[in-house]
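Structure data follow from run31.csv (CSV, C-alpha atoms):
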chain,number,residue,atom,x,y,z
A,1,MET,CA,130.8,-11.1,-212.3
A,2,PRO,CA,129.6,-14.3,-210.6
A,3,PHE,CA,129.6,-14.6,-206.8
A,4,MET,CA,132.4,-17.2,-206.9
A,5,ASP,CA,134.7,-14.8,-208.8
A,6,LEU,CA,133.9,-12.0,-206.4
A,7,ILE,CA,134.5,-14.3,-203.4
A,8,LYS,CA,137.9,-15.4,-204.7
A,9,LYS,CA,138.7,-11.8,-205.6
A,10,ALA,CA,137.9,-10.8,-202.1
A,11,ILE,CA,140.3,-13.4,-200.7
A,12,PHE,CA,143.2,-13.1,-203.1
A,13,GLU,CA,143.2,-9.5,-204.2
A,14,GLU,CA,143.8,-6.2,-202.5
A,15,GLU,CA,142.0,-3.3,-204.3
A,16,PRO,CA,142.0,0.5,-203.7
A,17,LEU,CA,138.7,2.1,-202.8
A,18,ALA,CA,137.1,3.2,-206.1
A,19,GLN,CA,135.2,6.4,-206.4
A,20,GLN,CA,131.7,6.0,-208.0
A,21,PRO,CA,131.2,8.5,-210.8
A,22,ALA,CA,128.3,10.9,-210.5
A,23,LYS,CA,125.3,10.2,-212.6
A,24,PRO,CA,124.1,13.1,-214.8
A,25,ALA,CA,120.6,14.3,-214.3
A,26,ASN,CA,118.0,12.9,-216.7
A,27,SER,CA,116.5,15.9,-218.4
A,28,SER,CA,114.8,14.0,-221.3
A,29,GLY,CA,111.3,12.6,-221.3
A,30,THR,CA,112.5,9.0,-221.7
A,31,ALA,CA,111.5,6.4,-219.2
A,32,ARG,CA,113.7,6.4,-216.1
A,33,PRO,CA,114.3,3.5,-213.8
A,34,LEU,CA,112.3,3.3,-210.6
A,35,GLU,CA,113.8,5.6,-207.9
A,36,PRO,CA,115.5,3.4,-205.2
A,37,VAL,CA,114.4,3.9,-201.7
A,38,ALA,CA,117.1,5.6,-199.5
A,39,SER,CA,119.0,3.0,-197.5
A,40,SER,CA,120.6,3.2,-194.2
A,41,TYR,CA,123.2,0.7,-195.3
A,42,VAL,CA,126.8,2.0,-195.3
A,43,SER,CA,129.2,0.5,-197.8
A,44,MET,CA,132.4,-1.1,-196.4
A,45,GLY,CA,134.6,-0.6,-199.4
A,46,THR,CA,135.1,-1.7,-203.0
A,47,ARG,CA,134.6,-5.4,-202.4
A,48,ASP,CA,131.4,-4.8,-200.7
A,49,ASN,CA,130.3,-2.5,-203.5
A,50,GLN,CA,131.0,-5.3,-206.0
A,51,PHE,CA,128.7,-7.7,-204.1
A,52,TYR,CA,126.1,-4.9,-204.0
A,53,THR,CA,126.4,-4.3,-207.7
A,54,ARG,CA,125.9,-8.0,-208.4
A,55,LEU,CA,122.8,-8.1,-206.2
A,56,ALA,CA,121.4,-4.9,-207.6
A,57,LYS,CA,121.8,-6.3,-211.2
A,58,GLN,CA,120.0,-9.5,-210.2
A,59,THR,CA,117.2,-7.7,-208.5
A,60,ASP,CA,116.8,-4.7,-210.7
A,61,LEU,CA,113.3,-3.3,-210.4
A,62,SER,CA,112.8,-3.5,-214.2
A,63,ALA,CA,113.2,-7.3,-214.0
A,64,ALA,CA,109.7,-7.5,-212.4
A,65,PRO,CA,107.0,-7.1,-215.1
A,66,GLU,CA,104.6,-5.4,-212.7
A,67,LEU,CA,107.2,-2.8,-211.6
A,68,ALA,CA,108.3,-2.2,-215.1
A,69,LYS,CA,104.7,-1.6,-216.1
A,70,ILE,CA,104.0,1.0,-213.3
A,71,GLU,CA,107.2,2.8,-214.3
A,72,ALA,CA,106.1,2.9,-217.9
A,73,PHE,CA,102.9,4.7,-216.8
A,74,ALA,CA,104.8,6.9,-214.2
A,75,ALA,CA,107.6,8.1,-216.4
A,76,PRO,CA,105.6,10.3,-218.7
A,77,LEU,CA,104.1,12.1,-215.7
A,78,ALA,CA,107.6,13.0,-214.2
A,79,SER,CA,107.5,16.5,-215.8
A,80,VAL,CA,103.9,17.1,-214.8
A,81,ILE,CA,103.7,15.7,-211.3
A,82,THR,CA,106.9,16.3,-209.4
A,83,ASP,CA,105.7,14.7,-206.2
A,84,LYS,CA,106.7,11.0,-206.3
A,85,ALA,CA,103.8,9.7,-204.2
A,86,LEU,CA,101.2,11.6,-206.3
A,87,ARG,CA,102.9,10.6,-209.5
A,88,TYR,CA,102.8,6.9,-208.8
A,89,LYS,CA,99.2,7.0,-207.5
A,90,ALA,CA,98.2,8.7,-210.7
A,91,ALA,CA,100.2,6.1,-212.7
A,92,LEU,CA,98.5,3.2,-210.8
A,93,ALA,CA,95.1,4.7,-211.5
A,94,THR,CA,95.9,4.8,-215.2
A,95,ALA,CA,97.5,1.3,-215.2
A,96,GLN,CA,94.5,-0.1,-213.4
A,97,SER,CA,92.1,1.2,-216.0
A,98,GLN,CA,94.2,0.4,-219.0
A,99,GLY,CA,96.3,-2.6,-218.0
A,100,GLY,CA,94.6,-4.1,-215.1
A,101,LEU,CA,97.6,-3.5,-212.8
A,102,THR,CA,96.8,-3.6,-209.1
A,103,LYS,CA,98.6,-2.6,-205.9
A,104,ASP,CA,98.8,-6.2,-204.8
A,105,ALA,CA,100.5,-7.1,-208.1
A,106,ILE,CA,103.1,-4.4,-207.6
A,107,LEU,CA,103.8,-5.5,-204.1
A,108,LYS,CA,104.1,-9.1,-205.3
A,109,GLY,CA,106.7,-7.8,-207.8
A,110,PHE,CA,108.8,-6.6,-204.9
A,111,ASP,CA,108.2,-10.0,-203.2
A,112,ALA,CA,109.5,-11.7,-206.3
A,113,LEU,CA,112.7,-9.6,-206.1
A,114,LEU,CA,113.1,-10.5,-202.5
A,115,ASN,CA,112.8,-14.2,-203.4
A,116,VAL,CA,115.6,-13.6,-206.0
A,117,LEU,CA,117.7,-11.9,-203.3
A,118,ASN,CA,117.1,-14.9,-201.0
A,119,ALA,CA,118.1,-17.3,-203.7
A,120,SER,CA,121.3,-15.3,-204.3
A,121,ALA,CA,122.0,-15.4,-200.6
A,122,SER,CA,121.7,-19.2,-200.6
A,123,THR,CA,124.0,-19.5,-203.7
A,124,PHE,CA,126.5,-17.2,-202.0
A,125,ASN,CA,126.5,-19.1,-198.8
A,126,LYS,CA,127.0,-22.4,-200.6
A,127,GLN,CA,129.9,-21.0,-202.7
A,128,THR,CA,131.5,-19.5,-199.6
A,129,ASP,CA,131.3,-22.9,-197.9
A,130,ASP,CA,133.0,-24.5,-201.0
A,131,VAL,CA,135.7,-21.9,-200.9
A,132,SER,CA,136.1,-22.3,-197.2
A,133,ARG,CA,136.7,-26.0,-197.7
A,134,THR,CA,139.4,-25.4,-200.3
A,135,GLU,CA,141.0,-22.2,-199.2
A,136,VAL,CA,140.5,-22.2,-195.4
A,137,ASP,CA,139.9,-25.8,-194.1
A,138,ALA,CA,142.6,-27.2,-196.4
A,139,LYS,CA,145.1,-24.6,-195.3
A,140,ILE,CA,144.2,-25.2,-191.6
A,141,ALA,CA,145.0,-28.9,-192.2
A,142,GLN,CA,148.3,-28.0,-193.8
A,143,ILE,CA,149.1,-25.8,-190.8
A,144,GLY,CA,148.4,-28.8,-188.6
A,145,ASP,CA,150.8,-30.9,-190.6
A,146,ILE,CA,153.4,-28.2,-190.5
A,147,ASN,CA,153.0,-27.8,-186.7
A,148,GLU,CA,153.4,-31.5,-186.3
A,149,ALA,CA,156.5,-31.5,-188.4
A,150,ILE,CA,157.9,-28.6,-186.3
A,151,GLN,CA,157.2,-30.6,-183.1
A,152,GLN,CA,159.0,-33.5,-184.6
A,153,LYS,CA,162.0,-31.4,-185.6
A,154,GLN,CA,162.0,-29.8,-182.2
A,155,LYS,CA,162.2,-33.2,-180.6
A,156,GLU,CA,165.0,-34.1,-182.9
A,157,ILE,CA,166.8,-30.9,-182.0
A,158,VAL,CA,166.4,-31.7,-178.2
A,159,ASP,CA,167.8,-35.2,-178.9
A,160,LEU,CA,170.8,-33.7,-180.8
A,161,GLN,CA,171.4,-31.2,-178.0
A,162,GLN,CA,171.4,-34.0,-175.5
A,163,GLN,CA,173.9,-35.9,-177.7
A,164,VAL,CA,176.1,-32.8,-177.9
A,165,LYS,CA,176.1,-32.4,-174.1
A,166,SER,CA,177.0,-36.1,-173.7
A,167,MET,CA,179.8,-35.8,-176.2
A,168,GLN,CA,181.0,-32.6,-174.6
A,169,SER,CA,181.2,-34.4,-171.2
A,170,GLN,CA,183.0,-37.4,-172.8
A,171,ALA,CA,185.4,-35.0,-174.5
A,172,GLU,CA,186.1,-33.2,-171.3
A,173,VAL,CA,186.9,-36.5,-169.5
A,174,SER,CA,189.2,-37.6,-172.4
A,175,ARG,CA,190.9,-34.2,-172.3
A,176,SER,CA,191.5,-34.5,-168.6
A,177,LYS,CA,192.9,-38.0,-168.9
A,178,LEU,CA,195.1,-37.0,-171.8
A,179,GLN,CA,196.5,-34.1,-169.8
A,180,GLU,CA,197.1,-36.4,-166.9
A,181,ALA,CA,199.0,-38.8,-169.3
A,182,LYS,CA,201.1,-35.9,-170.6
A,183,ASN,CA,201.9,-34.8,-167.1
A,184,ASN,CA,202.9,-38.4,-166.1
A,185,PHE,CA,205.1,-38.8,-169.1
A,186,ALA,CA,206.8,-35.4,-168.5
A,187,ALA,CA,207.5,-36.4,-164.9
A,188,ALA,CA,208.8,-39.9,-166.0
A,189,LEU,CA,210.9,-38.3,-168.7
A,190,GLU,CA,212.6,-35.9,-166.3
A,191,ARG,CA,213.1,-38.6,-163.7
A,192,ARG,CA,214.8,-40.9,-166.2
A,193,ARG,CA,216.9,-38.1,-167.7
A,194,ALA,CA,218.1,-37.3,-164.2
A,195,GLU,CA,218.9,-40.9,-163.5
A,196,ILE,CA,220.9,-41.3,-166.7
A,197,GLN,CA,222.8,-38.1,-166.1
A,198,GLN,CA,223.6,-39.2,-162.6
A,199,GLN,CA,224.9,-42.6,-163.9
A,200,ARG,CA,227.0,-40.8,-166.5
A,201,LYS,CA,228.7,-38.7,-163.8
A,202,GLU,CA,229.4,-41.9,-161.8
A,203,PHE,CA,231.0,-43.7,-164.8
A,204,GLU,CA,232.9,-40.6,-165.6
A,205,THR,CA,234.4,-40.5,-162.1
A,206,ILE,CA,235.1,-44.3,-162.1
A,207,LEU,CA,236.8,-44.4,-165.4
A,208,GLY,CA,238.9,-41.4,-164.4
Output the file's structure in the form of structure tokens.
Amino acid sequence: MPFMDLIKKAIFEEEPLAQQPAKPANSSGTARPLEPVASSYVSMGTRDNQFYTRLAKQTDLSAAPELAKIEAFAAPLASVITDKALRYKAALATAQSQGGLTKDAILKGFDALLNVLNASASTFNKQTDDVSRTEVDAKIAQIGDINEAIQQKQKEIVDLQQQVKSMQSQAEVSRSKLQEAKNNFAAALERRRAEIQQQRKEFETILG
């Protein structure tokens, strides 16, 4: 899987930790891949393993002709010479006499793999920068726009709240004046009713 796919998968997908199946022991006399040197690197999970799998495939030791050649000479000796160091020294001696292979050529094979690894790192960094622009920087810009919109809405809310307070104050003044008008009318009504009733009594008395 290309690095870009792995990068996007690392961003958008959550995956459970996968268990690596055990590899059966090679009991046949067929050529075996070069034994990897034990590493102190500790895997951080499935995503990390996917990147490692990609790098390991790109820098497989068999991809370097010199390393493939030394392995071709060392493989038949596996059942005869169990010690790895002695086996590869014997294989190198044979390869030197029959194929012209040298220690320097073998080491240059490892250097070539390191160059491939460095090229992969450059590609990965470029692709992560591209993804950062589209998936990180773009979202940060959107967040800025949203925050600006939120601030504008908050300002509108403050303005509306001030309008509400002003209208509440106006409503209270109007309510107070209306109540005062009601009270004045009630007083005027009772006063005039009393006057009319008094005049009625006077006319009732006058008219006998």
A:Ile106, A:Leu189, A:Ile81, A:Leu101: which is nearest A:Leu67, counting all atoms listed in the file?
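Ranked by minimum distance to A:Leu67, first place goes to A:Ile106.
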Using all atoms listed in the file, which residue out of A:Asn125, A:Asp137, A:Ile70, A:Ala75 lies closest to A:Ala93?
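Closest residue, counting all atoms listed in the file: A:Ile70.
Counting all atoms listed in the file and comparing A:Val173, A:Ile140, A:Leu207, A:Ala68, the residue that lies closest to A:Gly109 is A:Ala68.
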